[in-house]
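To start, the structure under review is shown below, and the notes come after it.
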Amino acid sequence: MKYLVTGAAGFIGMHVSTALLDRGDEVIGLDNLNPYYSVQLKHDRLARLTGCPGFRFAEFDLVNRDRLTQLCADERFDVVINLAAQAGVRYSMTNPHAYVDSNLVGFVNILEACRHQGVKHLVFASSSSVYGANTTLPFSIHHNVDHPLSLYAATKKANELMAHTYSNLYNLPTTGLRFFTVYGPWGRPDMAMWLFTRAILEGRPIDVFNNGQMRRDFTYVDDIVQGIVRVADNVPTGNAAWSGDRPDPATSRAPYRIYNIGNNQPVELSHMIQTLERALGVAAVKNYLPMQPGDVPSTYADVDDLTRDVGFRPSTPIEVGIGRFVDWYRDYHKV
């Protein structure tokens with residue numbers, strides 16, 4: 001199989017590309033290497049891929065419609081896994097146009113390329129942030145999600161709607177994956193796990209929002225990757241039982257699906273910090289702050305549909321995952 005993995009120099013994109021290459025697939029990785037965070041980290045991730053048989057890299061932005069169209073016409077991909085996006089809830093409050101360009105314009109360019117080149121399956125990253133103001137836990141893909149609390153969340157919800165439209169109009173199989181707080185080796189420097197680890201090791205205070213009482217469904221990257229690969233192999237078909245009288249947001253008459261990928265075990269932020277302190281062997285100095293605009297108090301994934309359809313349920317305990325992240329962080333930074 002030949003895959004296009006967008007965001008291949010990103011945290012999840014590098015791991016997904018590695019998994020596909022390890023099983024013998026061909027991967028063309030696409031990334032614009034933007035400076036939202038360390039470009040050197042992105043180059044270091046790419047260095048783990050560029051020597052692998054079956055991997056090639058293309059550097060340009062999804063907004064470049066002509067280059068994307070030409071790449072897809074030349075390569076004739078079987079499957080596209082779109083992990084390229086402008087991430088970050090707080091960044092979206094000060095840089096909204098970056099989200100419009102990458103997450104909306106870039107995504108419709110992906111949809112158009114897949115439609116015209118006969119791609120067999122488009123898998124794309126959504127986010128748990130789409131649940132927004134929802135308070136019924138665990139978050140279910142069968143719940144309505146029309147009240148996002150950040151522009152980032154709104155663009156991810158828009159991606160789901162755009163994908164459904166193309167599945168309906170052009171019979172393009174699409175699957176959206178709502179990721180829940182992904183962490184692990186080669187992670188993003190703007191995420192709490194990395195920020196806390198660096199600050200603790202440098203003896204600086206860490207900012208703990210909502211007095212540490214927020215709960216997150218921390219999901220280890222290996223679990224996310226296995227879920228993505230299994231979903232990519234499971235091409236959706238129309239749900240014959242779907243009814244417009246009682247529409248199910250997770251399925252459709254069209255070949256379209258939405259899944260949660262989360263650990264199904266929410267952890268309080270204060271417990272995550274305690275686990276990190278034990279792994280580092282250093283106590284944190286905590287600066288307690290109120291809830292940030294755009295944040296939600298809890299995330300908790302219902303993954304029953306993922307388990308039923310692809311036979312997989314994330315399961316890595318946070319104690320194991322944090323230990324692996326800390327080992328990688330110390331090695332990468334020579335700390």
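Chain lettering (A, B, ...) mirrors the order of the structure tokens, residue numbering begins at 1 for each chain separately, and ligand numbering begins at 1 in order of display.
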From the DSSP assignment of the backbone, select every residue of segment 154-287 of chain A that is strand (DSSP E), and format the answer as a PyMOL selection string. chain A and resi 174-179+182-183+206-209+215-216+219-220+256-261+267-268+286-287
Quick one: everything within 7 Å of Glu160 of chain A, counting only C-alpha atoms, minus sequence neighbours fewer than 4 positions away in the same chain. Send it as a PyMOL selection string. chain A and resi 156+164+176
Any idea what's packed within 9 Å of Pro53 of chain A, counting only C-alpha atoms, ignoring anything in its chain fewer than 6 positions away? Could you give it as a compact mmCIF listing (two decimals) with N, CA and C atoms, in the first residue's frame?
# COMPACT_ATOMS: atom_id res chain seq x y z
N LEU A 21 5.96 1.93 7.78
CA LEU A 21 7.20 1.46 7.16
C LEU A 21 7.63 0.12 7.74
N GLY A 24 6.08 -2.70 6.04
CA GLY A 24 6.38 -2.86 4.62
C GLY A 24 5.63 -1.96 3.68
N GLU A 26 4.69 1.68 1.72
CA GLU A 26 5.42 2.81 1.17
C GLU A 26 4.78 4.09 1.70
Quick one: everything within 7 Å of segment 259-263 of chain A, counting only C-alpha atoms, minus sequence neighbours fewer than 5 positions away in the same chain. Send it as a list in words. Ile141, Gly176, Leu177, Arg178, Phe179, Phe180, Asp217, Phe218, Thr219, Ile224, Gly227, Ala301, Asp302, Val303, Asp305, Leu306, Pro314 and Ser315 of chain A
A:Tyr170, A:Phe55, A:Ala84, A:Phe60: which is nearest Glu112 of chain A, counting only C-alpha atoms?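 Closest to Glu112 of chain A of all the choices is A:Tyr170.
Reported to one decimal place, the separation of atom CA of Ser38 of chain A from atom CA of His333 of chain A is 13.3 Å.
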Smallest atom-to-atom distance to Ala98 of chain A: which of A:Asn144, A:Gln86, A:Thr316, A:Asn34, using only C-alpha atoms?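 Checking each of A:Asn144, A:Gln86, A:Thr316, A:Asn34 against Ala98 of chain A, counting only C-alpha atoms, the winner is A:Gln86.
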Would you kindly return, as a ChimeraX atom specification, each protein, DNA or RNA residue with an atom no farther than 10 Å from any atom of Thr275 of chain A, considering only C-alpha atoms and excluding same-chain residues fewer than 6 positions away? /A:269,281,318-320,322-323
Filtering to C-alpha atoms, could you give me those residues as a CSV table (one decimal), in the first residue's frame?
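Saved to part_4.csv:
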chain,number,residue,atom,x,y,z
A,269,LEU,CA,-3.8,16.8,36.5
A,281,GLY,CA,13.0,12.1,41.1
A,318,ILE,CA,0.0,6.7,32.6
A,319,GLU,CA,2.7,5.5,35.0
A,320,VAL,CA,4.2,3.4,32.2
A,322,ILE,CA,5.3,8.9,31.7
A,323,GLY,CA,8.3,6.7,32.5
Taking only C-alpha atoms into account, name the residue in A:Thr237, A:Tyr3, A:Ala153, A:Ser128 that is nearest to Tyr256 of chain A.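 Looking at the shortest contact to Tyr256 of chain A, the residue is A:Thr237.
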Would you give me, as a list in words, the residues in segment 167-224 of chain A that DSSP reads as alpha helix (DSSP H)? Ser167, Asn168, Leu169, Tyr170, Ala192, Met193, Trp194, Leu195, Phe196, Thr197, Arg198, Ala199, Ile200, Leu201, Val221, Asp222, Asp223 and Ile224 of chain A
Residues just named, written with C-alpha atoms as a PDB file, in the first residue's frame:
ATOM      1  CA  SER A 167     -18.253  11.220   1.490  1.00  0.00           C
ATOM      2  CA  ASN A 168     -21.867  12.006   0.628  1.00  0.00           C
ATOM      3  CA  LEU A 169     -21.296  13.817  -2.677  1.00  0.00           C
ATOM      4  CA  TYR A 170     -18.404  11.814  -4.103  1.00  0.00           C
ATOM      5  CA  ALA A 192       1.931  19.980  29.433  1.00  0.00           C
ATOM      6  CA  MET A 193       4.057  16.847  29.754  1.00  0.00           C
ATOM      7  CA  TRP A 194       7.038  18.492  28.037  1.00  0.00           C
ATOM      8  CA  LEU A 195       6.527  21.918  29.654  1.00  0.00           C
ATOM      9  CA  PHE A 196       6.328  20.436  33.133  1.00  0.00           C
ATOM     10  CA  THR A 197       9.305  18.128  32.647  1.00  0.00           C
ATOM     11  CA  ARG A 198      11.548  20.924  31.400  1.00  0.00           C
ATOM     12  CA  ALA A 199      10.498  23.339  34.152  1.00  0.00           C
ATOM     13  CA  ILE A 200      10.921  20.769  36.944  1.00  0.00           C
ATOM     14  CA  LEU A 201      14.388  19.756  35.763  1.00  0.00           C
ATOM     15  CA  VAL A 221       1.329   7.711  21.514  1.00  0.00           C
ATOM     16  CA  ASP A 222       1.791   3.985  20.744  1.00  0.00           C
ATOM     17  CA  ASP A 223      -1.911   3.448  21.459  1.00  0.00           C
ATOM     18  CA  ILE A 224      -2.843   6.335  19.187  1.00  0.00           C
TER      19      ILE A 224
END
For Asn109 of chain A, list every protein, DNA or RNA residue within 10 Å, evaluated using only C-alpha atoms, and leave out those in the same chain fewer than 6 positions away; present the list as an MDAnalysis selection string. chainID A and resid 62:66 68:69 102 115
For Val16 of chain A, the nearest of the candidates A:Thr50, A:Asn82, A:Ser243, A:Ser129, counting only C-alpha atoms: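 Answer, going by the shortest atom-to-atom distance: A:Asn82.
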Please determine, counting only C-alpha atoms, which residue among A:Ala240, A:Ala283, A:Leu289, A:Met191 has the shortest atom-to-atom distance to Met214 of chain A.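 Closest residue, counting only C-alpha atoms: A:Leu289.
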Need the shell around Tyr36 of chain A: protein/DNA/RNA residues with any atom at most 12 Å away, counting only C-alpha atoms. Skip same-chain ones fewer than 2 positions apart. Format as a list in words? Gly10, Asn32, Leu33, Asn34, Ser38, Val39, Gln40, Leu41, Lys42, Ala85, Gln86, Ala87, Gly88, Tyr91, Ser92, Asn95, Ala98, Tyr99, Arg188, Pro189 and Asp190 of chain A
Using only C-alpha atoms: which of A:Gln117, A:Gln265, A:Gln226, A:Asn287 has the shortest distance to Val208 of chain A: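 Of the candidates, the smallest distance to Val208 of chain A is held by A:Asn287.
One finds atom CA of Phe107 of chain A at 28.0 Å from atom CA of Gln292 of chain A.
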